[in-house]
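Next comes entry_26.txt, with compact mmCIF, C-alpha atoms.
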```txt
# COMPACT_ATOMS: atom_id res chain seq x y z
CA MET A 298 16.84 -44.60 -16.82
CA GLY A 299 15.68 -47.48 -18.97
CA HIS A 300 12.02 -46.50 -19.34
CA ARG A 301 10.35 -46.10 -22.72
CA ILE A 302 8.69 -42.67 -22.51
CA ALA A 303 6.05 -41.13 -24.78
CA ILE A 304 5.11 -37.46 -24.97
CA ILE A 305 1.60 -37.45 -26.41
CA GLY A 306 1.03 -33.95 -27.74
CA ALA A 307 4.36 -32.24 -28.37
CA GLY A 308 3.20 -28.76 -27.46
CA ALA A 309 5.04 -26.23 -25.33
CA VAL A 310 5.00 -28.06 -21.98
CA GLY A 311 5.51 -31.52 -23.46
CA CYS A 312 8.41 -30.32 -25.58
CA TYR A 313 10.02 -28.42 -22.73
CA ALA A 314 9.93 -31.32 -20.28
CA GLY A 315 10.68 -33.92 -22.94
CA ALA A 316 13.63 -32.05 -24.44
CA HIS A 317 15.39 -32.07 -21.09
CA MET A 318 14.66 -35.77 -20.69
CA ALA A 319 16.15 -36.46 -24.11
CA GLN A 320 19.15 -34.28 -23.34
CA ALA A 321 19.74 -36.41 -20.21
CA GLY A 322 19.74 -39.59 -22.28
CA GLU A 323 16.21 -40.83 -21.58
CA ASP A 324 14.40 -42.85 -24.27
CA VAL A 325 11.73 -40.36 -25.31
CA THR A 326 9.38 -40.42 -28.31
CA PHE A 327 7.38 -37.32 -29.22
CA VAL A 328 4.01 -37.99 -30.86
CA ASP A 329 2.17 -35.09 -32.46
CA THR A 330 -0.51 -34.11 -34.99
CA TRP A 331 1.33 -31.11 -36.50
CA PRO A 332 3.27 -32.48 -39.50
CA GLU A 333 5.64 -29.53 -39.89
CA HIS A 334 6.56 -29.65 -36.20
CA VAL A 335 7.31 -33.38 -36.34
CA GLU A 336 9.40 -33.04 -39.49
CA THR A 337 11.35 -30.10 -38.04
CA MET A 338 12.15 -32.05 -34.87
CA ARG A 339 13.29 -35.00 -36.95
CA ARG A 340 15.49 -32.88 -39.18
CA ASP A 341 16.85 -30.24 -36.81
CA GLY A 342 16.17 -31.55 -33.31
CA LEU A 343 14.26 -29.72 -30.59
CA ARG A 344 15.46 -26.23 -29.71
CA VAL A 345 14.90 -24.75 -26.24
CA THR A 346 15.47 -21.08 -25.39
CA HIS A 347 14.83 -18.97 -22.30
CA LEU A 348 14.25 -15.27 -21.82
CA LYS A 349 17.17 -15.05 -19.39
CA ASP A 350 19.86 -16.85 -17.44
CA VAL A 351 19.76 -20.23 -19.23
CA PRO A 352 21.87 -21.11 -22.30
CA GLU A 353 20.03 -22.17 -25.44
CA PHE A 354 20.34 -25.80 -26.50
CA THR A 355 19.18 -28.08 -29.30
CA VAL A 356 18.81 -31.82 -28.77
CA PRO A 357 18.22 -34.58 -31.34
CA VAL A 358 14.90 -36.30 -30.63
CA THR A 359 12.72 -39.15 -31.86
CA ALA A 360 9.49 -37.64 -33.21
CA ILE A 361 6.69 -39.47 -35.00
CA HIS A 362 3.46 -38.52 -36.67
CA LEU A 363 0.27 -39.70 -35.04
CA THR A 364 -0.29 -42.03 -37.98
CA GLU A 365 3.01 -43.79 -37.26
CA LEU A 366 2.20 -44.79 -33.69
CA GLN A 367 1.26 -48.36 -34.62
CA ALA A 368 4.93 -48.99 -35.44
CA VAL A 369 5.80 -48.97 -31.71
CA ALA A 370 3.51 -51.91 -30.88
CA ARG A 371 6.49 -54.26 -30.41
CA LYS A 372 8.21 -51.81 -28.05
CA PRO A 373 5.41 -50.44 -25.84
CA PHE A 374 5.82 -47.45 -23.55
CA ASP A 375 6.38 -47.60 -19.81
CA ILE A 376 5.33 -44.00 -19.16
CA ALA A 377 3.05 -41.90 -21.35
CA PHE A 378 2.81 -38.19 -20.61
CA ILE A 379 -0.50 -36.82 -21.92
CA CYS A 380 0.22 -33.21 -22.91
CA VAL A 381 -2.69 -32.43 -25.24
CA LYS A 382 -5.39 -29.83 -24.64
CA SER A 383 -8.04 -30.99 -22.19
CA TYR A 384 -10.69 -31.42 -24.89
CA ASP A 385 -8.41 -33.98 -26.60
CA THR A 386 -7.73 -36.04 -23.48
CA ASP A 387 -10.25 -38.80 -24.25
CA TRP A 388 -9.00 -39.79 -27.67
CA ALA A 389 -5.33 -39.30 -26.81
CA THR A 390 -5.61 -41.62 -23.80
CA MET A 391 -7.64 -44.17 -25.74
CA MET A 392 -5.03 -44.09 -28.49
CA ILE A 393 -2.02 -44.65 -26.23
CA ARG A 394 -3.72 -47.27 -24.03
CA GLN A 395 -2.98 -50.10 -26.44
CA TYR A 396 0.69 -49.09 -26.66
CA LEU A 397 1.38 -49.26 -22.91
CA ALA A 398 3.61 -51.97 -21.46
CA PRO A 399 1.91 -54.32 -18.94
CA GLY A 400 3.14 -52.18 -16.05
CA GLY A 401 2.91 -48.94 -17.97
CA PHE A 402 1.00 -45.90 -16.76
CA VAL A 403 -0.24 -42.49 -17.90
CA VAL A 404 0.67 -39.08 -16.48
CA SER A 405 -1.52 -36.05 -17.09
CA LEU A 406 0.94 -33.21 -17.68
CA GLN A 407 -1.82 -30.75 -18.59
CA ASN A 408 -3.85 -27.84 -17.40
CA CYS A 409 -7.24 -28.61 -15.84
CA MET A 410 -8.39 -31.73 -13.97
CA ASN A 411 -8.18 -34.59 -16.45
CA GLU A 412 -7.18 -37.49 -14.20
CA GLU A 413 -10.76 -38.76 -13.93
CA THR A 414 -11.09 -38.81 -17.72
CA ILE A 415 -7.81 -40.69 -18.07
CA ALA A 416 -8.69 -43.15 -15.31
CA GLY A 417 -12.00 -43.88 -17.02
CA ILE A 418 -9.96 -45.25 -19.95
CA VAL A 419 -6.84 -46.86 -18.43
CA GLY A 420 -8.00 -47.27 -14.80
CA TRP A 421 -7.18 -45.37 -11.64
CA GLY A 422 -4.23 -47.67 -10.96
CA ARG A 423 -2.50 -46.50 -14.12
CA THR A 424 -3.16 -42.76 -13.66
CA LEU A 425 -0.90 -40.08 -12.16
CA GLY A 426 -0.95 -36.30 -12.28
CA ALA A 427 1.79 -33.75 -12.90
CA ILE A 428 1.26 -29.99 -12.68
CA ALA A 429 3.46 -27.38 -14.33
CA SER A 430 3.05 -24.18 -12.33
CA SER A 431 3.94 -20.77 -13.83
CA ILE A 432 6.14 -22.40 -16.46
CA THR A 433 5.46 -19.68 -19.10
CA VAL A 434 6.44 -21.69 -22.16
CA GLU A 435 5.33 -21.30 -25.77
CA LEU A 436 5.86 -23.33 -28.93
CA SER A 437 6.92 -20.28 -30.88
CA GLU A 438 7.57 -22.13 -34.16
CA PRO A 439 8.00 -25.73 -35.32
CA GLY A 440 10.77 -27.39 -33.33
CA HIS A 441 11.33 -24.43 -30.99
CA VAL A 442 9.96 -24.03 -27.47
CA ARG A 443 10.62 -20.73 -25.72
CA ARG A 444 10.30 -20.01 -22.02
CA ALA A 445 9.50 -16.41 -21.10
CA SER A 446 11.63 -16.53 -17.95
CA GLY A 447 14.61 -18.30 -16.49
CA LYS A 448 14.16 -21.46 -14.44
CA GLY A 449 12.09 -21.54 -11.28
CA GLY A 450 14.67 -23.42 -9.23
CA ALA A 451 14.57 -22.89 -5.47
CA ALA A 452 12.55 -19.68 -5.80
CA HIS A 453 9.53 -21.42 -7.32
CA THR A 454 8.71 -25.14 -7.53
CA VAL A 455 7.51 -25.63 -11.09
CA TYR A 456 6.37 -29.28 -11.19
CA ARG A 457 4.18 -31.03 -8.63
CA VAL A 458 3.78 -34.78 -9.21
CA GLY A 459 1.31 -36.97 -7.36
CA GLU A 460 -0.69 -40.17 -7.16
CA VAL A 461 -4.47 -39.85 -7.17
CA HIS A 462 -4.62 -41.68 -3.82
CA GLY A 463 -2.07 -39.36 -2.22
CA ARG A 464 0.60 -41.89 -1.27
CA ILE A 465 4.22 -41.28 -2.22
CA THR A 466 5.24 -44.17 -4.47
CA ASP A 467 8.34 -45.23 -6.36
CA ARG A 468 6.71 -44.46 -9.69
CA ALA A 469 5.69 -40.97 -8.55
CA GLU A 470 9.28 -40.40 -7.44
CA GLU A 471 10.44 -41.57 -10.89
CA VAL A 472 8.09 -39.17 -12.67
CA GLY A 473 9.38 -36.46 -10.35
CA ARG A 474 12.94 -37.32 -11.33
CA LEU A 475 12.02 -37.03 -15.00
CA THR A 476 10.29 -33.65 -14.68
CA GLY A 477 13.09 -32.54 -12.38
CA LEU A 478 15.47 -32.77 -15.32
CA SER A 479 13.93 -29.55 -16.63
CA ASP A 480 13.16 -27.65 -13.42
CA SER A 481 12.37 -27.89 -9.72
CA THR A 482 9.91 -30.63 -8.76
CA THR A 483 8.14 -31.88 -5.66
CA VAL A 484 6.32 -35.17 -5.23
CA THR A 485 3.11 -34.28 -3.43
CA SER A 486 0.59 -36.15 -1.32
CA ASN A 487 -1.95 -33.44 -2.18
CA LEU A 488 -2.49 -33.86 -5.92
CA TRP A 489 -6.12 -32.71 -5.84
CA GLY A 490 -5.37 -29.60 -3.79
CA GLU A 491 -2.48 -28.77 -6.11
CA ARG A 492 -4.69 -29.39 -9.15
CA TRP A 493 -7.46 -27.10 -7.94
CA SER A 494 -4.95 -24.42 -6.95
CA LYS A 495 -3.52 -24.48 -10.47
CA LEU A 496 -7.07 -24.37 -11.85
CA VAL A 497 -7.65 -21.19 -9.82
CA ALA A 498 -4.47 -19.63 -11.19
CA ASN A 499 -5.42 -20.54 -14.75
CA GLY A 500 -8.93 -19.25 -14.18
CA MET A 501 -7.59 -15.89 -13.05
CA GLY A 502 -5.39 -15.25 -16.08
CA ASN A 503 -6.02 -17.41 -19.12
CA GLY A 504 -9.53 -16.32 -20.01
CA LEU A 505 -8.72 -12.68 -19.30
CA SER A 506 -5.89 -12.81 -21.82
CA ALA A 507 -8.08 -14.55 -24.39
CA SER A 508 -10.99 -12.13 -23.98
CA THR A 509 -8.99 -8.89 -23.85
CA GLY A 510 -6.11 -9.74 -26.20
CA LEU A 511 -3.68 -8.49 -23.55
CA VAL A 512 -0.51 -9.97 -22.06
CA MET A 513 -0.38 -10.49 -18.29
CA LYS A 514 1.51 -7.27 -17.51
CA ASP A 515 -1.19 -5.17 -19.15
CA ILE A 516 -3.91 -7.10 -17.33
CA LEU A 517 -2.24 -6.77 -13.93
CA THR A 518 -1.53 -3.05 -14.26
CA ASN A 519 -5.15 -2.27 -15.11
CA ASP A 520 -7.02 -1.78 -11.83
CA ALA A 521 -10.36 -3.04 -13.12
CA LEU A 522 -8.95 -6.11 -14.85
CA ARG A 523 -6.81 -6.95 -11.83
CA ALA A 524 -9.89 -6.70 -9.61
CA PHE A 525 -11.86 -8.94 -11.97
CA GLY A 526 -9.04 -11.50 -11.76
CA ALA A 527 -9.40 -11.46 -7.97
CA ARG A 528 -13.14 -12.05 -8.28
CA LEU A 529 -12.57 -14.98 -10.62
CA GLY A 530 -10.09 -16.42 -8.14
CA SER A 531 -12.34 -15.81 -5.16
CA GLU A 532 -15.24 -17.72 -6.70
CA ALA A 533 -12.96 -20.62 -7.66
CA ILE A 534 -11.33 -20.78 -4.24
CA ARG A 535 -14.69 -20.94 -2.46
CA VAL A 536 -15.78 -23.78 -4.75
CA GLY A 537 -12.56 -25.69 -4.13
CA GLN A 538 -12.89 -25.25 -0.38
CA ALA A 539 -16.49 -26.47 -0.49
CA LEU A 540 -15.33 -29.55 -2.42
CA GLY A 541 -12.93 -30.30 0.42
CA TYR A 542 -9.62 -29.57 -1.32
CA ALA A 543 -6.64 -28.39 0.73
CA LEU A 544 -5.55 -25.50 -1.45
CA GLU A 545 -1.92 -24.52 -1.86
CA GLU A 546 -0.45 -21.07 -2.49
CA ILE A 547 -1.67 -19.39 -5.67
CA TYR A 548 0.77 -16.94 -7.27
CA HIS A 549 2.70 -17.27 -3.98
CA LEU A 550 -0.28 -15.87 -2.09
CA ASP A 551 -2.39 -17.50 0.61
CA PRO A 552 -5.62 -18.41 -1.23
CA GLU A 553 -7.65 -16.82 1.54
CA ILE A 554 -6.13 -13.43 0.71
CA ILE A 555 -7.23 -13.80 -2.92
CA ALA A 556 -10.68 -15.00 -1.88
CA ARG A 557 -11.27 -12.08 0.48
CA ALA A 558 -9.81 -9.60 -2.01
CA GLY A 559 -12.34 -10.76 -4.59
CA GLU A 560 -15.10 -10.45 -2.04
CA GLY A 561 -14.26 -6.81 -1.29
CA ASP A 562 -12.16 -6.98 1.88
CA ALA A 563 -10.04 -3.80 1.80
CA ALA A 564 -6.98 -5.15 3.61
CA ALA A 565 -6.90 -8.31 1.52
CA ARG A 566 -7.37 -6.28 -1.65
CA ALA A 567 -4.41 -4.04 -0.73
CA ALA A 568 -2.20 -7.09 -0.11
CA TYR A 569 -3.38 -8.74 -3.32
CA ASP A 570 -2.82 -5.59 -5.39
CA ALA A 571 0.67 -5.01 -4.00
CA HIS A 572 1.73 -8.58 -4.72
CA ARG A 573 0.34 -8.73 -8.25
CA LEU A 574 1.72 -5.33 -9.20
CA ALA A 575 5.14 -6.45 -7.96
CA GLU A 576 4.83 -9.51 -10.21
CA ALA A 577 3.98 -7.28 -13.17
CA ALA A 578 7.06 -5.16 -12.50
CA LYS A 579 9.48 -8.09 -12.73
CA PRO A 580 11.67 -7.98 -15.85
CA GLY A 581 10.25 -9.96 -18.75
CA GLY A 582 7.74 -12.25 -17.12
CA GLY A 583 4.76 -9.91 -17.36
CA ALA A 584 5.10 -9.77 -21.14
CA HIS A 585 4.10 -13.43 -21.41
CA ARG A 586 0.78 -14.27 -23.04
CA PRO A 587 -1.00 -17.11 -21.18
CA SER A 588 -1.74 -20.26 -23.15
CA MET A 589 -5.38 -19.39 -23.78
CA GLY A 590 -4.35 -15.99 -25.08
CA GLN A 591 -1.89 -17.78 -27.38
CA ASP A 592 -4.71 -20.05 -28.57
CA MET A 593 -6.86 -17.04 -29.41
CA VAL A 594 -4.05 -15.41 -31.41
CA LYS A 595 -3.53 -18.66 -33.33
CA GLY A 596 -7.24 -19.16 -33.98
CA ARG A 597 -7.38 -22.37 -31.94
CA ARG A 598 -10.05 -23.70 -29.63
CA THR A 599 -9.40 -22.77 -25.99
CA GLU A 600 -9.78 -24.72 -22.76
CA ILE A 601 -12.29 -22.24 -21.31
CA GLU A 602 -14.95 -24.92 -20.73
CA PHE A 603 -12.42 -26.97 -18.78
CA ILE A 604 -11.25 -24.06 -16.62
CA ASN A 605 -13.75 -21.28 -15.86
CA GLY A 606 -16.65 -23.29 -17.24
CA PHE A 607 -15.61 -26.27 -15.10
CA ILE A 608 -15.49 -24.07 -12.01
CA ALA A 609 -18.99 -22.74 -12.72
CA GLU A 610 -20.38 -26.25 -13.31
CA LYS A 611 -18.87 -27.63 -10.10
CA ALA A 612 -20.35 -24.69 -8.19
CA LYS A 613 -23.97 -25.34 -9.21
CA PRO A 614 -24.73 -28.38 -7.02
CA LEU A 615 -22.98 -26.63 -4.13
CA GLY A 616 -25.24 -23.59 -4.40
CA ILE A 617 -22.25 -21.25 -4.85
CA ALA A 618 -22.70 -18.32 -7.22
CA THR A 619 -19.92 -17.90 -9.80
CA PRO A 620 -21.15 -15.08 -12.06
CA ALA A 621 -17.66 -13.89 -13.04
CA ASN A 622 -16.50 -17.34 -14.15
CA ALA A 623 -19.76 -17.99 -15.99
CA ALA A 624 -19.65 -14.62 -17.76
CA LEU A 625 -16.02 -15.06 -18.80
CA THR A 626 -16.78 -18.54 -20.15
CA GLU A 627 -19.55 -17.18 -22.35
CA ILE A 628 -17.38 -14.31 -23.62
CA VAL A 629 -14.59 -16.64 -24.69
CA LEU A 630 -17.03 -19.06 -26.32
CA ARG A 631 -18.43 -16.15 -28.33
CA LEU A 632 -14.88 -15.24 -29.36
CA GLU A 633 -14.29 -18.82 -30.50
CA ARG A 634 -17.46 -18.68 -32.60
CA GLY A 635 -16.25 -15.47 -34.25
CA GLU A 636 -19.15 -13.37 -32.95
CA ILE A 637 -16.81 -10.83 -31.31
CA THR A 638 -13.09 -10.07 -31.28
CA PRO A 639 -10.76 -9.71 -28.26
CA ASP A 640 -11.17 -6.38 -26.50
CA PRO A 641 -10.72 -5.24 -22.86
CA ARG A 642 -14.22 -3.73 -23.02
CA HIS A 643 -15.72 -7.22 -22.82
CA ILE A 644 -14.60 -7.26 -19.19
CA LEU A 645 -14.57 -3.55 -18.35
CA GLU A 646 -18.20 -3.12 -19.40
CA LEU A 647 -19.48 -6.21 -17.56
CA ARG A 648 -22.10 -5.54 -14.91
CA LEU A 649 -22.29 -8.37 -12.40
CA ASN A 650 -24.26 -8.60 -9.18
```

I'd like the structure from this file rewritten - as structure tokens, please.
Amino acid sequence: MGHRIAIIGAGAVGCYAGAHMAQAGEDVTFVDTWPEHVETMRRDGLRVTHLKDVPEFTVPVTAIHLTELQAVARKPFDIAFICVKSYDTDWATMMIRQYLAPGGFVVSLQNCMNEETIAGIVGWGRTLGAIASSITVELSEPGHVRRASGKGGAAHTVYRVGEVHGRITDRAEEVGRLTGLSDSTTVTSNLWGERWSKLVANGMGNGLSASTGLVMKDILTNDALRAFGARLGSEAIRVGQALGYALEEIYHLDPEIIARAGEGDAAARAAYDAHRLAEAAKPGGGAHRPSMGQDMVKGRRTEIEFINGFIAEKAKPLGIATPANAALTEIVLRLERGEITPDPRHILELRLN
């Protein structure tokens, strides 16, 4: 307690984590670019609902428009959670840098690998990472964040917090305490392995949802789409291994099983299929639309270049072929440009070597 906390980008994840911090009495300020969302939070508070098992709550919060940030100059922030889309990381970090207390630091609570971008602006010594794994949240309307599940709890650790150098520090423990107010958290010495593992998971589902227009259950129950997801994951896993990352479980599967499944190993494919089909059969969760699919529905720019495109770019100097990730990146970019519309045929009719 006692820290001045900023949530920069009050989207689904930032609102979910921040609402629980505010409910616990933490000093949290939400900063966002969506005027209606800010005004709704000011007037009505921030509402949090879950698909199951968790009571709804609404908490009063401090929310400000981006243009009002200069008013906090006399009371700078100790911890700033960057929760914007990856393509907005540069300006968001540059903006908050001047409003950090002398010992203040920045936490990337985002998809993708943005710590290097943040460190290039505030320095490595003021940069931490926090990963939200399988959190399935959506900002369904102004002032309302909805989670398409219950809480992860002991069954699934949602947040993984770490220092870029891998040591367990007091400030990492404090960030872990803050994220732990909303769900299960671990403070990790393997931030980069956790980051790449999350990148693999995002790469297997987000772009598929954006390109096909389907929710995860419909993707996972389609044999061809499920197989394409394995191929996406396999390519990404091999790149991560070549980069030297110690990968963690992905969708509660050993990454080697996913890698071999995508490469055509029959036993691995059977294990992969059984696990993913069991996930699709769980009540409720399979109906969730991944964040990139949500972006496509809302007509927003996606993070495809920072997920599948990033994987393909990192693979080039390693000499690793990533045709599935490269093809998916191009499909989603064409969708963003309005050249095509979401359709499963974009994937089903692909012919890759």

| request: Skip Ser531 (chain A) itself and residues of its chain fewer than 2 positions away, then list as a list in words all residues within 8 Å of it, counting only C-alpha atoms. | output: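 In the requested format, the answer is Ala527, Arg528, Leu529, Ala533, Ile534, Arg535, Ile555, Ala556, Arg557, Ala558, Gly559 and Glu560 of chain A.
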
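Across the model, the gap from CA of Ala612 (chain A) to CA of Glu413 (chain A) is 18.0 Å.
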
| request: State, in Å with one decimal place, the distance from CA of Gly616 (chain A) to CA of Leu522 (chain A). | output: 26.1 Å

For the contact check between region 412-435 of chain A and region 446-468 of chain A, emit one row per residue of region 412-435 of chain A within 8 Å, containing the shortest atom pair and the distance in Å rounded to one decimal, counting all atoms listed in the file, chain then rising number order, as a Markdown table.
```
| residue | atom | partner | partner_atom | distance |
| --- | --- | --- | --- | --- |
| A:Glu412 | CA | A:Val461 | CA | 7.9 |
| A:Trp421 | CA | A:Val461 | CA | 7.6 |
| A:Thr424 | CA | A:Val461 | CA | 7.2 |
| A:Leu425 | CA | A:Glu460 | CA | 5.0 |
| A:Gly426 | CA | A:Gly459 | CA | 5.5 |
| A:Ala427 | CA | A:Val458 | CA | 4.3 |
| A:Ile428 | CA | A:Arg457 | CA | 5.1 |
| A:Ala429 | CA | A:Tyr456 | CA | 4.7 |
| A:Ser430 | CA | A:Val455 | CA | 4.9 |
| A:Ser431 | CA | A:Val455 | CA | 6.6 |
| A:Ile432 | CA | A:Val455 | CA | 6.4 |
| A:Thr433 | CA | A:Ser446 | CA | 7.0 |
```

| field | Residue with smallest distance to Leu436 (chain A) - pool A:Arg371, A:Arg566, A:His317, A:Arg344, counting only C-alpha atoms | value |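 For Leu436 (chain A), the nearest of the given residues is A:Arg344.
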
Which residues, protein or nucleic acid, reach to within 12 Å of (-16.0, -23.2, -14.3) in the file's coordinates when using only C-alpha atoms, and can you give that as a tab-separated table (two decimals) with C-alpha atoms, in the frame of the given file?
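What ended up in selection.tsv:
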```tsv
chain	number	residue	atom	x	y	z
A	409	CYS	CA	-7.24	-28.61	-15.84
A	410	MET	CA	-8.39	-31.73	-13.97
A	493	TRP	CA	-7.46	-27.10	-7.94
A	496	LEU	CA	-7.07	-24.37	-11.85
A	497	VAL	CA	-7.65	-21.19	-9.82
A	499	ASN	CA	-5.42	-20.54	-14.75
A	500	GLY	CA	-8.93	-19.25	-14.18
A	501	MET	CA	-7.59	-15.89	-13.05
A	504	GLY	CA	-9.53	-16.32	-20.01
A	529	LEU	CA	-12.57	-14.98	-10.62
A	530	GLY	CA	-10.09	-16.42	-8.14
A	532	GLU	CA	-15.24	-17.72	-6.70
A	533	ALA	CA	-12.96	-20.62	-7.66
A	534	ILE	CA	-11.33	-20.78	-4.24
A	536	VAL	CA	-15.78	-23.78	-4.75
A	537	GLY	CA	-12.56	-25.69	-4.13
A	600	GLU	CA	-9.78	-24.72	-22.76
A	601	ILE	CA	-12.29	-22.24	-21.31
A	602	GLU	CA	-14.95	-24.92	-20.73
A	603	PHE	CA	-12.42	-26.97	-18.78
A	604	ILE	CA	-11.25	-24.06	-16.62
A	605	ASN	CA	-13.75	-21.28	-15.86
A	606	GLY	CA	-16.65	-23.29	-17.24
A	607	PHE	CA	-15.61	-26.27	-15.10
A	608	ILE	CA	-15.49	-24.07	-12.01
A	609	ALA	CA	-18.99	-22.74	-12.72
A	610	GLU	CA	-20.38	-26.25	-13.31
A	611	LYS	CA	-18.87	-27.63	-10.10
A	612	ALA	CA	-20.35	-24.69	-8.19
A	613	LYS	CA	-23.97	-25.34	-9.21
A	617	ILE	CA	-22.25	-21.25	-4.85
A	618	ALA	CA	-22.70	-18.32	-7.22
A	619	THR	CA	-19.92	-17.90	-9.80
A	620	PRO	CA	-21.15	-15.08	-12.06
A	621	ALA	CA	-17.66	-13.89	-13.04
A	622	ASN	CA	-16.50	-17.34	-14.15
A	623	ALA	CA	-19.76	-17.99	-15.99
A	624	ALA	CA	-19.65	-14.62	-17.76
A	625	LEU	CA	-16.02	-15.06	-18.80
A	626	THR	CA	-16.78	-18.54	-20.15
A	627	GLU	CA	-19.55	-17.18	-22.35
```

| CA of Pro614 (chain A) to CA of Tyr542 (chain A), distance in Å rounded to a single decimal | 16.2 Å

| task | Quick one: everything within 10 Å of Met593 (chain A), counting all atoms listed in the file, minus sequence neighbours fewer than 5 positions away in the same chain. Send it as a PyMOL selection string. | result | chain A and resi 504+506-508+510+588+598-599+629+632-633+638-639

| task | Extract, using all atoms listed in the file, all DNA, RNA and protein residues at most 9 Å from Ile554 (chain A), discarding same-chain residues fewer than 6 positions from it, and format them as a list in words. | result |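 Contacts, in chain order: Ser531, Asp562, Ala564, Ala565, Arg566, Ala568 and Tyr569 of chain A.
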
| request: Pick out the closest residue to Ile304 (chain A) from this set: A:Phe378, A:Val358, A:Thr330, A:Thr346. Count all atoms listed in the file. | output: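 Selected residue with least distance to Ile304 (chain A): A:Phe378.
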
| field | Spatial neighbours of region 366-368 of chain A, 12 Å, all atoms listed in the file, chain gap at least 3 places, as a list in words | value |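 So the residues in contact are Ala303, Ile304, Ile305, Thr326, Phe327, Val328, Asp329, Thr330, Ala360, Ile361, His362, Leu363, Arg371, Lys372, Pro373, Phe374, Ala389, Met392, Ile393, Arg394, Gln395, Tyr396 and Leu397 of chain A.
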
Centre and size of axis-aligned box enclosing region 328-346 of chain A plus 6 Å each side, as AutoDock Vina command-line options:
```
--center_x 8.2 --center_y -29.5 --center_z -32.6 --size_x 29.4 --size_y 28.9 --size_z 26.5
```

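Of the listed residues A:Gln591, A:Thr476, A:Ser437, A:Thr337, the one whose atoms come nearest to Val404 (chain A) is A:Thr476, with distances taken using only C-alpha atoms.
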
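For the point (5.7, -10.7, -1.8), the residues with at least one atom inside 8 Å, counting all atoms listed in the file, are His549, Leu550, Ala571, His572 and Ala575 of chain A.
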